[in-house]
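File shown: protein-v1.txt (compact mmCIF, C-alpha atoms).
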# COMPACT_ATOMS: atom_id res chain seq x y z
CA MET A 208 -8.66 -1.29 -23.46
CA GLN A 209 -8.26 2.37 -22.59
CA ASN A 210 -8.92 1.68 -18.90
CA ILE A 211 -6.37 -1.13 -18.90
CA LEU A 212 -3.70 1.15 -20.36
CA ILE A 213 -4.52 3.87 -17.84
CA ALA A 214 -4.27 1.37 -14.98
CA LEU A 215 -0.89 0.22 -16.30
CA ILE A 216 0.42 3.79 -16.42
CA CYS A 217 -0.94 4.58 -12.94
CA GLY A 218 0.72 1.42 -11.63
CA LEU A 219 4.02 2.44 -13.23
CA ILE A 220 3.96 5.88 -11.61
CA PHE A 221 2.87 4.43 -8.25
CA GLY A 222 5.57 1.74 -8.33
CA ALA A 223 8.25 4.26 -9.29
CA GLY A 224 7.16 6.37 -6.32
CA LEU A 225 7.41 3.40 -3.96
CA VAL A 226 11.05 2.82 -4.98
CA ILE A 227 12.17 6.49 -5.11
CA SER A 228 10.66 7.11 -1.67
CA GLU A 229 12.29 3.88 -0.41
CA MET A 230 8.96 2.61 0.91
CA VAL A 231 10.15 -0.67 -0.62
CA ASN A 232 13.10 -0.75 1.79
CA PRO A 233 11.75 -2.56 4.88
CA ILE A 234 14.75 -1.52 7.01
CA LYS A 235 13.86 2.11 6.37
CA VAL A 236 10.18 1.48 7.10
CA GLN A 237 11.09 -0.13 10.42
CA ASN A 238 13.42 2.78 11.17
CA PHE A 239 10.41 5.04 10.64
CA LEU A 240 8.28 2.87 12.93
CA ASP A 241 10.93 3.15 15.66
CA PRO A 242 10.61 6.74 16.94
CA PHE A 243 12.12 5.89 20.32
CA GLY A 244 15.18 4.30 18.71
CA ASN A 245 17.27 5.60 15.84
CA TRP A 246 14.29 7.33 14.22
CA ASP A 247 14.23 7.98 10.47
CA SER A 248 11.46 10.53 10.09
CA SER A 249 11.83 10.96 6.33
CA LEU A 250 9.08 8.48 5.45
CA ALA A 251 6.53 10.86 6.94
CA PHE A 252 7.15 12.91 3.80
CA VAL A 253 6.03 9.99 1.63
CA MET A 254 2.58 9.92 3.17
CA GLY A 255 2.60 13.72 3.35
CA GLY A 256 3.45 14.13 -0.33
CA ALA A 257 0.98 11.50 -1.46
CA VAL A 258 -1.90 12.82 0.64
CA ALA A 259 -1.15 16.41 -0.44
CA VAL A 260 -1.67 15.33 -4.06
CA THR A 261 -4.74 13.13 -3.49
CA SER A 262 -6.54 15.60 -1.22
CA PHE A 263 -5.87 18.51 -3.58
CA THR A 264 -6.91 16.63 -6.73
CA SER A 265 -9.87 14.67 -5.32
CA HIS A 266 -11.61 17.95 -4.68
CA PHE A 267 -11.65 18.68 -8.42
CA ILE A 268 -12.08 15.10 -9.58
CA LEU A 269 -15.23 14.47 -7.55
CA LYS A 270 -16.84 17.66 -8.86
CA ARG A 271 -17.27 15.77 -12.11
CA THR A 272 -20.41 13.68 -12.54
CA LYS A 273 -18.29 10.78 -13.77
CA PRO A 274 -14.62 9.91 -14.39
CA ILE A 275 -12.90 10.96 -17.63
CA ALA A 276 -12.78 7.40 -19.03
CA ALA A 277 -15.40 5.45 -17.07
CA GLU A 278 -19.12 5.49 -16.34
CA GLN A 279 -18.98 6.03 -12.58
CA PHE A 280 -16.79 6.48 -9.53
CA TYR A 281 -16.26 3.30 -7.52
CA LEU A 282 -15.83 4.64 -4.02
CA ALA A 283 -15.97 2.88 -0.66
CA ILE A 284 -19.50 2.51 0.60
CA LYS A 285 -18.77 1.99 4.30
CA THR A 286 -18.44 5.06 6.45
CA SER A 287 -18.86 3.53 9.91
CA ILE A 288 -15.97 3.50 12.37
CA ASP A 289 -16.49 0.18 14.09
CA ALA A 290 -14.64 -2.54 15.97
CA ARG A 291 -13.87 -4.42 12.75
CA LEU A 292 -12.05 -1.43 11.31
CA ILE A 293 -9.97 -0.97 14.46
CA LEU A 294 -9.22 -4.69 14.78
CA GLY A 295 -8.27 -5.00 11.11
CA ALA A 296 -6.07 -1.89 11.10
CA SER A 297 -4.44 -3.02 14.37
CA LEU A 298 -3.58 -6.45 12.98
CA PHE A 299 -2.29 -4.79 9.83
CA GLY A 300 -0.03 -2.50 11.85
CA ILE A 301 1.35 -5.42 13.85
CA GLY A 302 2.22 -7.30 10.66
CA TRP A 303 3.67 -4.16 9.10
CA GLY A 304 5.84 -3.49 12.14
CA LEU A 305 7.17 -7.06 12.26
CA THR A 306 8.88 -6.83 8.87
CA GLY A 307 8.36 -3.36 7.42
CA TYR A 308 6.28 -4.74 4.54
CA CYS A 309 2.79 -3.64 3.56
CA PRO A 310 1.14 -5.06 0.40
CA GLY A 311 2.41 -2.63 -2.28
CA PRO A 312 6.09 -2.66 -1.29
CA GLY A 313 5.77 -6.42 -0.63
CA ILE A 314 4.68 -6.98 -4.23
CA VAL A 315 7.42 -4.74 -5.69
CA ASN A 316 9.97 -6.66 -3.61
CA ALA A 317 9.33 -9.67 -5.83
CA ILE A 318 12.02 -8.12 -8.04
CA ILE A 319 14.09 -6.35 -5.36
CA ASN A 320 14.45 -8.94 -2.63
CA PRO A 321 12.91 -12.18 -3.95
CA GLN A 322 14.29 -14.21 -1.02
CA GLU A 323 12.00 -12.35 1.37
CA ALA A 324 9.14 -11.82 -1.09
CA MET A 325 8.82 -15.53 -1.83
CA VAL A 326 8.06 -16.07 1.86
CA PHE A 327 6.07 -12.89 2.57
CA LEU A 328 3.82 -12.84 -0.52
CA PRO A 329 2.36 -16.37 -0.23
CA ALA A 330 1.63 -15.63 3.46
CA LEU A 331 0.01 -12.34 2.41
CA VAL A 332 -2.26 -14.16 -0.04
CA ILE A 333 -3.15 -16.89 2.46
CA GLY A 334 -3.83 -14.23 5.13
CA GLY A 335 -6.13 -12.40 2.73
CA TRP A 336 -7.92 -15.63 1.93
CA ILE A 337 -8.37 -16.43 5.64
CA GLY A 338 -9.66 -12.92 6.27
CA GLN A 339 -12.07 -13.16 3.37
CA ARG A 340 -13.23 -16.67 4.22
CA TYR A 341 -13.68 -16.41 7.96
CA CYS A 342 -13.86 -12.77 8.88
CA ALA A 343 -15.70 -11.02 6.03
CA MET B 405 20.91 10.18 -6.02
CA PHE B 406 19.27 13.01 -4.10
CA GLU B 407 20.81 15.40 -1.61
CA SER B 408 18.15 15.11 0.98
CA LEU B 409 16.34 12.02 2.22
CA ALA B 410 13.27 14.09 2.98
CA LEU B 411 13.20 15.50 -0.53
CA GLN B 412 13.56 12.03 -2.01
CA ALA B 413 10.71 10.76 0.19
CA LEU B 414 8.56 13.74 -0.76
CA LEU B 415 9.18 13.21 -4.48
CA GLY B 416 8.31 9.52 -4.19
CA GLY B 417 5.20 10.36 -2.19
CA VAL B 418 4.07 12.88 -4.81
CA LEU B 419 4.47 10.23 -7.53
CA ILE B 420 2.41 7.76 -5.48
CA GLY B 421 -0.24 10.45 -5.09
CA ILE B 422 -0.25 11.22 -8.83
CA GLY B 423 -0.66 7.53 -9.70
CA ALA B 424 -3.61 7.28 -7.30
CA ALA B 425 -5.16 10.56 -8.48
CA LEU B 426 -4.97 9.62 -12.18
CA LEU B 427 -6.60 6.24 -11.50
CA LEU B 428 -9.48 8.00 -9.77
CA ALA B 429 -9.77 10.77 -12.36
CA PHE B 430 -9.76 8.51 -15.42
CA ASN B 431 -11.07 5.14 -14.24
CA GLY B 432 -12.98 6.18 -11.13
CA ARG B 433 -11.07 3.60 -9.12
CA ILE B 434 -9.35 3.69 -5.73
CA ALA B 435 -5.67 2.69 -5.83
CA GLY B 436 -5.92 0.43 -2.80
CA ILE B 437 -3.35 -2.24 -3.46
CA SER B 438 -4.71 -4.89 -1.10
CA GLU B 439 -8.18 -4.48 -2.59
CA ILE B 440 -6.79 -4.70 -6.14
CA LEU B 441 -4.68 -7.78 -5.30
CA TYR B 442 -7.38 -9.74 -3.51
CA SER B 443 -10.17 -8.81 -5.93
CA LEU B 444 -7.95 -10.07 -8.72
CA LEU B 445 -7.05 -13.32 -6.94
CA PHE B 446 -10.37 -14.22 -5.36
CA ASN B 447 -12.79 -13.20 -8.11
CA PRO B 448 -13.34 -15.49 -11.11
CA LEU B 449 -10.54 -15.03 -13.66
CA LYS B 450 -12.94 -13.73 -16.30
CA HIS B 451 -14.30 -11.00 -14.04
CA PRO B 452 -14.58 -7.83 -16.16
CA ASP B 453 -12.34 -5.90 -13.75
CA SER B 454 -9.54 -8.48 -13.68
CA ASN B 455 -7.74 -6.94 -16.66
CA TRP B 456 -7.23 -3.44 -15.27
CA ARG B 457 -6.28 -4.86 -11.87
CA MET B 458 -3.69 -7.12 -13.46
CA ALA B 459 -2.41 -4.17 -15.54
CA PHE B 460 -2.05 -1.98 -12.45
CA LEU B 461 -0.04 -4.64 -10.58
CA ILE B 462 2.20 -5.28 -13.60
CA GLY B 463 2.73 -1.52 -13.80
CA LEU B 464 3.52 -1.38 -10.08
CA VAL B 465 6.32 -3.94 -10.38
CA GLY B 466 7.48 -2.48 -13.70
CA GLY B 467 7.62 1.07 -12.32
CA GLY B 468 9.68 -0.23 -9.44
CA TYR B 469 12.00 -2.03 -11.86
CA PHE B 470 12.68 1.14 -13.86
CA MET B 471 13.67 2.97 -10.69
CA LEU B 472 15.98 0.28 -9.37
CA PRO B 473 19.12 2.39 -9.86
CA VAL B 474 17.99 3.95 -6.56
CA GLU B 475 20.39 2.20 -4.24
CA PHE B 476 19.85 0.93 -0.76
CA SER B 477 21.18 -1.97 1.24
CA LEU B 478 19.25 -5.22 0.92
CA ARG B 479 18.18 -6.96 4.09
CA GLN B 480 19.45 -10.49 4.34
CA GLY B 481 18.90 -13.34 6.74
CA TYR B 482 15.69 -11.94 8.24
CA SER B 483 13.61 -14.42 10.23
CA PRO B 484 11.37 -16.43 7.85
CA ILE B 485 8.96 -17.01 10.74
CA LEU B 486 8.51 -13.25 11.16
CA LEU B 487 7.99 -12.90 7.40
CA VAL B 488 5.24 -15.54 7.48
CA ILE B 489 3.50 -14.09 10.56
CA SER B 490 3.79 -10.62 9.04
CA GLY B 491 2.26 -11.70 5.71
CA LEU B 492 -0.59 -13.50 7.45
CA THR B 493 -1.49 -10.64 9.82
CA VAL B 494 -1.18 -7.97 7.13
CA GLY B 495 -3.40 -10.08 4.85
CA ILE B 496 -6.04 -10.82 7.49
CA GLY B 497 -5.91 -7.23 8.74
CA THR B 498 -6.53 -5.69 5.32
CA ARG B 499 -9.58 -7.89 4.79
CA ILE B 500 -11.11 -7.13 8.19
CA GLY B 501 -10.15 -3.46 8.10
CA SER B 502 -11.05 -3.00 4.40
CA GLY B 503 -7.74 -1.56 3.31
CA CYS B 504 -4.03 -0.95 3.68
CA THR B 505 -1.56 1.92 3.65
CA SER B 506 -2.49 2.86 0.08
CA GLY B 507 -6.29 2.46 0.24
CA HIS B 508 -6.80 4.09 3.63
CA GLY B 509 -3.63 6.15 3.99
CA VAL B 510 -3.13 7.63 0.53
CA CYS B 511 -6.58 7.45 -1.09
CA GLY B 512 -9.01 7.46 1.83
CA ILE B 513 -7.47 10.39 3.66
CA GLY B 514 -7.29 12.27 0.35
CA LEU B 515 -11.04 11.75 0.07
CA MET B 516 -11.46 13.10 3.61
CA SER B 517 -12.80 9.77 4.87
CA ARG B 518 -12.91 9.77 8.67
CA ARG B 519 -12.97 5.98 8.56
CA SER B 520 -9.67 5.97 6.67
CA MET B 521 -8.12 8.53 9.02
CA VAL B 522 -8.96 6.35 12.02
CA ALA B 523 -7.62 3.25 10.24
CA THR B 524 -4.37 5.00 9.28
CA ILE B 525 -3.73 6.34 12.79
CA THR B 526 -4.50 2.89 14.23
CA LEU B 527 -2.13 1.02 11.91
CA MET B 528 0.62 3.59 12.51
CA VAL B 529 0.28 3.25 16.28
CA THR B 530 0.26 -0.56 16.32
CA GLY B 531 3.09 -0.57 13.77
CA ILE B 532 5.21 1.67 16.01
CA ILE B 533 4.39 -0.40 19.12
CA THR B 534 5.29 -3.62 17.29
CA THR B 535 8.60 -2.42 15.84
CA THR B 536 9.58 -0.79 19.12
CA ILE B 537 8.94 -4.00 21.09
CA LEU B 538 10.62 -6.12 18.42
CA ARG B 539 13.76 -4.01 18.33
CA ASN B 540 14.17 -3.09 21.96
CA PHE B 541 12.89 -6.10 23.84
CA ILE B 542 13.18 -9.06 21.48
CA GLY B 543 15.55 -8.51 18.55
Show how you would write the structure in this file as structure tokens.
Amino acid sequence: MQNILIALICGLIFGAGLVISEMVNPIKVQNFLDPFGNWDSSLAFVMGGAVAVTSFTSHFILKRTKPIAAEQFYLAIKTSIDARLILGASLFGIGWGLTGYCPGPGIVNAIINPQEAMVFLPALVIGGWIGQRYCA
Amino acid sequence: MFESLALQALLGGVLIGIGAALLLAFNGRIAGISEILYSLLFNPLKHPDSNWRMAFLIGLVGGGYFMLPVEFSLRQGYSPILLVISGLTVGIGTRIGSGCTSGHGVCGIGLMSRRSMVATITLMVTGIITTTILRNFIG
């Protein structure tokens, strides 16, 4: 129960950050991804701010033998930089650039811009299913 | 709401980072949204981790809802075909590439993962190429 409550709170903070930073605004995301056009550089500060916090804190967190409220850390096992990683990230970037939506902002847009989310989100789920079924 | 766009972006980014850091510190979990979403949807419903994943996603939408006084112009009339292609490629891409902007970009780089750094640079570059082509040569 404790872990569920913690996850809820973390989601709340994360979601609030996505809206305040305007990562949920796909026009702004596309303006960021358009450096040769009318470039909006401010979104670089979103990633900058987030990574500043995670890189600073992870140093201390991972010094612990286990998390505060769980038995172990569940970290990614893969470390290899291979063709799959490049192909997957490339496809992701193409999809991201086409609309300005990545998964988190796409989900939050269910309540901000439902007209777009009701088209994007089912496609996101089907895409994930295809990727899992045929490419994993 | 804020004087400077950069400051607003920075504040939002710091909040995103805090959410991710707390999830790692307390639950030992990576706040990779694609991984959380797909693990929830494609694992059996009674999977022991389904509850926290569901709670995180509810929180994500709820946190966004509380902040909605932040105003920006809604996009309308965007091509549904582009939305479908975008959803499909983002979905397939996250599965093949094991992560998205949050998992690789926010969490992975924070953990000094070279794999995540390469993934983040790659998705930024293809994202920029795609939007640039879309805006300057097509749309």
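We find CA of Val315 (chain A) and CA of Arg519 (chain B) to be spaced 27.1 Å apart.
For Asn232 (chain A), the residues within 8 Å (counting only C-alpha atoms, excluding itself and residues fewer than 3 positions away along the chain) are Val226, Glu229, Lys235, Val236, Gly307 and Pro312 of chain A; Phe476 and Leu478 of chain B.
One finds CA of Gly467 (chain B) at 14.2 Å from CA of Gly421 (chain B).
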_Give me the residues near Met325 (chain A) as a ChimeraX atom specification, where near means some atom within 12 Å (using all atoms listed in the file) and where sequence neighbours in that chain fewer than 3 positions away do not count._
/A:313-322,328-332 /B:484,487-488,491
Using only C-alpha atoms, which residues of chain B come within 6 Å of chain A, and what is the closest atom pair for each, with the distance in Å to one decimal? Give it as CSV, sorted by chain and residue number.
residue,atom,partner,partner_atom,distance
B:Ala410,CA,A:Ser249,CA,4.8
B:Gln412,CA,A:Ser228,CA,5.7
B:Ala413,CA,A:Ser228,CA,4.1
B:Leu414,CA,A:Phe252,CA,4.8
B:Gly416,CA,A:Gly224,CA,4.0
B:Gly417,CA,A:Val253,CA,3.9
B:Val418,CA,A:Gly256,CA,4.7
B:Leu419,CA,A:Gly224,CA,4.9
B:Ile420,CA,A:Phe221,CA,4.4
B:Gly421,CA,A:Ala257,CA,4.0
B:Gly423,CA,A:Cys217,CA,4.4
B:Ala425,CA,A:Thr261,CA,5.6
B:Ala429,CA,A:Pro274,CA,5.3
B:Phe430,CA,A:Ile275,CA,4.6
B:Asn431,CA,A:Ala277,CA,5.2
B:Gly432,CA,A:Phe280,CA,4.1
B:Arg433,CA,A:Tyr281,CA,5.4
B:Ile437,CA,A:Gly311,CA,5.9
B:Trp456,CA,A:Ile211,CA,4.4
B:Ala459,CA,A:Leu215,CA,4.7
B:Phe460,CA,A:Gly218,CA,4.5
B:Gly463,CA,A:Gly218,CA,4.2
B:Leu464,CA,A:Gly222,CA,4.1
B:Val465,CA,A:Val315,CA,4.9
B:Gly467,CA,A:Leu219,CA,4.0
B:Gly468,CA,A:Gly222,CA,4.7
B:Met471,CA,A:Ala223,CA,5.7
B:Leu487,CA,A:Phe327,CA,5.2
B:Val488,CA,A:Ala330,CA,5.4
B:Ser490,CA,A:Gly302,CA,4.0
B:Gly491,CA,A:Leu331,CA,4.0
B:Leu492,CA,A:Gly334,CA,4.1
B:Thr493,CA,A:Gly302,CA,5.1
B:Val494,CA,A:Phe299,CA,4.3
B:Gly495,CA,A:Gly335,CA,4.2
B:Ile496,CA,A:Gly338,CA,4.4
B:Gly497,CA,A:Gly295,CA,4.0
B:Arg499,CA,A:Gly338,CA,5.2
B:Ile500,CA,A:Gly295,CA,4.6
B:Gly501,CA,A:Gly295,CA,3.9
B:Val510,CA,A:Val258,CA,5.3
B:Gly514,CA,A:Ser262,CA,3.8
B:Arg519,CA,A:Ile288,CA,5.4
B:Ala523,CA,A:Ala296,CA,5.4
B:Thr526,CA,A:Ser297,CA,5.9
B:Leu527,CA,A:Gly300,CA,4.1
B:Thr530,CA,A:Gly300,CA,4.9
B:Gly531,CA,A:Gly300,CA,4.1
B:Ile532,CA,A:Leu240,CA,4.5
B:Thr534,CA,A:Gly304,CA,5.2
B:Thr535,CA,A:Gly304,CA,4.7
B:Thr536,CA,A:Asp241,CA,5.4
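Take CA of Val522 (chain B) and CA of Ile422 (chain B): the distance between them is 23.1 Å.
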Could N, CA, C and O atoms be built for region 263-275 of chain A and written out as a CSV table (one decimal), keeping the file's coordinate frame?
chain,number,residue,atom,x,y,z
A,263,PHE,N,-5.7,17.3,-2.7
A,263,PHE,CA,-5.9,18.5,-3.6
A,263,PHE,C,-6.7,18.1,-4.8
A,263,PHE,O,-7.6,18.8,-5.2
A,264,THR,N,-6.3,17.0,-5.5
A,264,THR,CA,-6.9,16.6,-6.7
A,264,THR,C,-8.3,16.1,-6.6
A,264,THR,O,-9.2,16.3,-7.4
A,265,SER,N,-8.6,15.3,-5.5
A,265,SER,CA,-9.9,14.7,-5.3
A,265,SER,C,-11.0,15.7,-5.3
A,265,SER,O,-12.1,15.5,-5.7
A,266,HIS,N,-10.6,16.9,-4.7
A,266,HIS,CA,-11.6,18.0,-4.7
A,266,HIS,C,-12.2,18.3,-6.1
A,266,HIS,O,-13.4,18.5,-6.3
A,267,PHE,N,-11.2,18.3,-7.0
A,267,PHE,CA,-11.6,18.7,-8.4
A,267,PHE,C,-12.2,17.5,-9.1
A,267,PHE,O,-13.2,17.6,-9.9
A,268,ILE,N,-11.6,16.3,-8.9
A,268,ILE,CA,-12.1,15.1,-9.6
A,268,ILE,C,-13.5,14.8,-9.3
A,268,ILE,O,-14.4,14.5,-10.1
A,269,LEU,N,-13.9,14.9,-8.0
A,269,LEU,CA,-15.2,14.5,-7.6
A,269,LEU,C,-16.3,15.5,-7.9
A,269,LEU,O,-17.5,15.3,-7.7
A,270,LYS,N,-15.9,16.7,-8.4
A,270,LYS,CA,-16.8,17.7,-8.9
A,270,LYS,C,-17.5,17.2,-10.2
A,270,LYS,O,-18.5,17.6,-10.5
A,271,ARG,N,-16.8,16.3,-10.9
A,271,ARG,CA,-17.3,15.8,-12.1
A,271,ARG,C,-18.4,14.8,-11.8
A,271,ARG,O,-18.4,14.2,-10.8
A,272,THR,N,-19.3,14.6,-12.8
A,272,THR,CA,-20.4,13.7,-12.5
A,272,THR,C,-19.9,12.3,-12.8
A,272,THR,O,-20.4,11.3,-12.2
A,273,LYS,N,-18.9,12.1,-13.6
A,273,LYS,CA,-18.3,10.8,-13.8
A,273,LYS,C,-16.8,10.9,-14.2
A,273,LYS,O,-16.4,12.0,-14.6
A,274,PRO,N,-16.0,9.8,-14.0
A,274,PRO,CA,-14.6,9.9,-14.4
A,274,PRO,C,-14.4,10.2,-15.9
A,274,PRO,O,-15.4,10.0,-16.7
A,275,ILE,N,-13.2,10.6,-16.2
A,275,ILE,CA,-12.9,11.0,-17.6
A,275,ILE,C,-13.1,9.8,-18.6
A,275,ILE,O,-13.6,9.9,-19.7
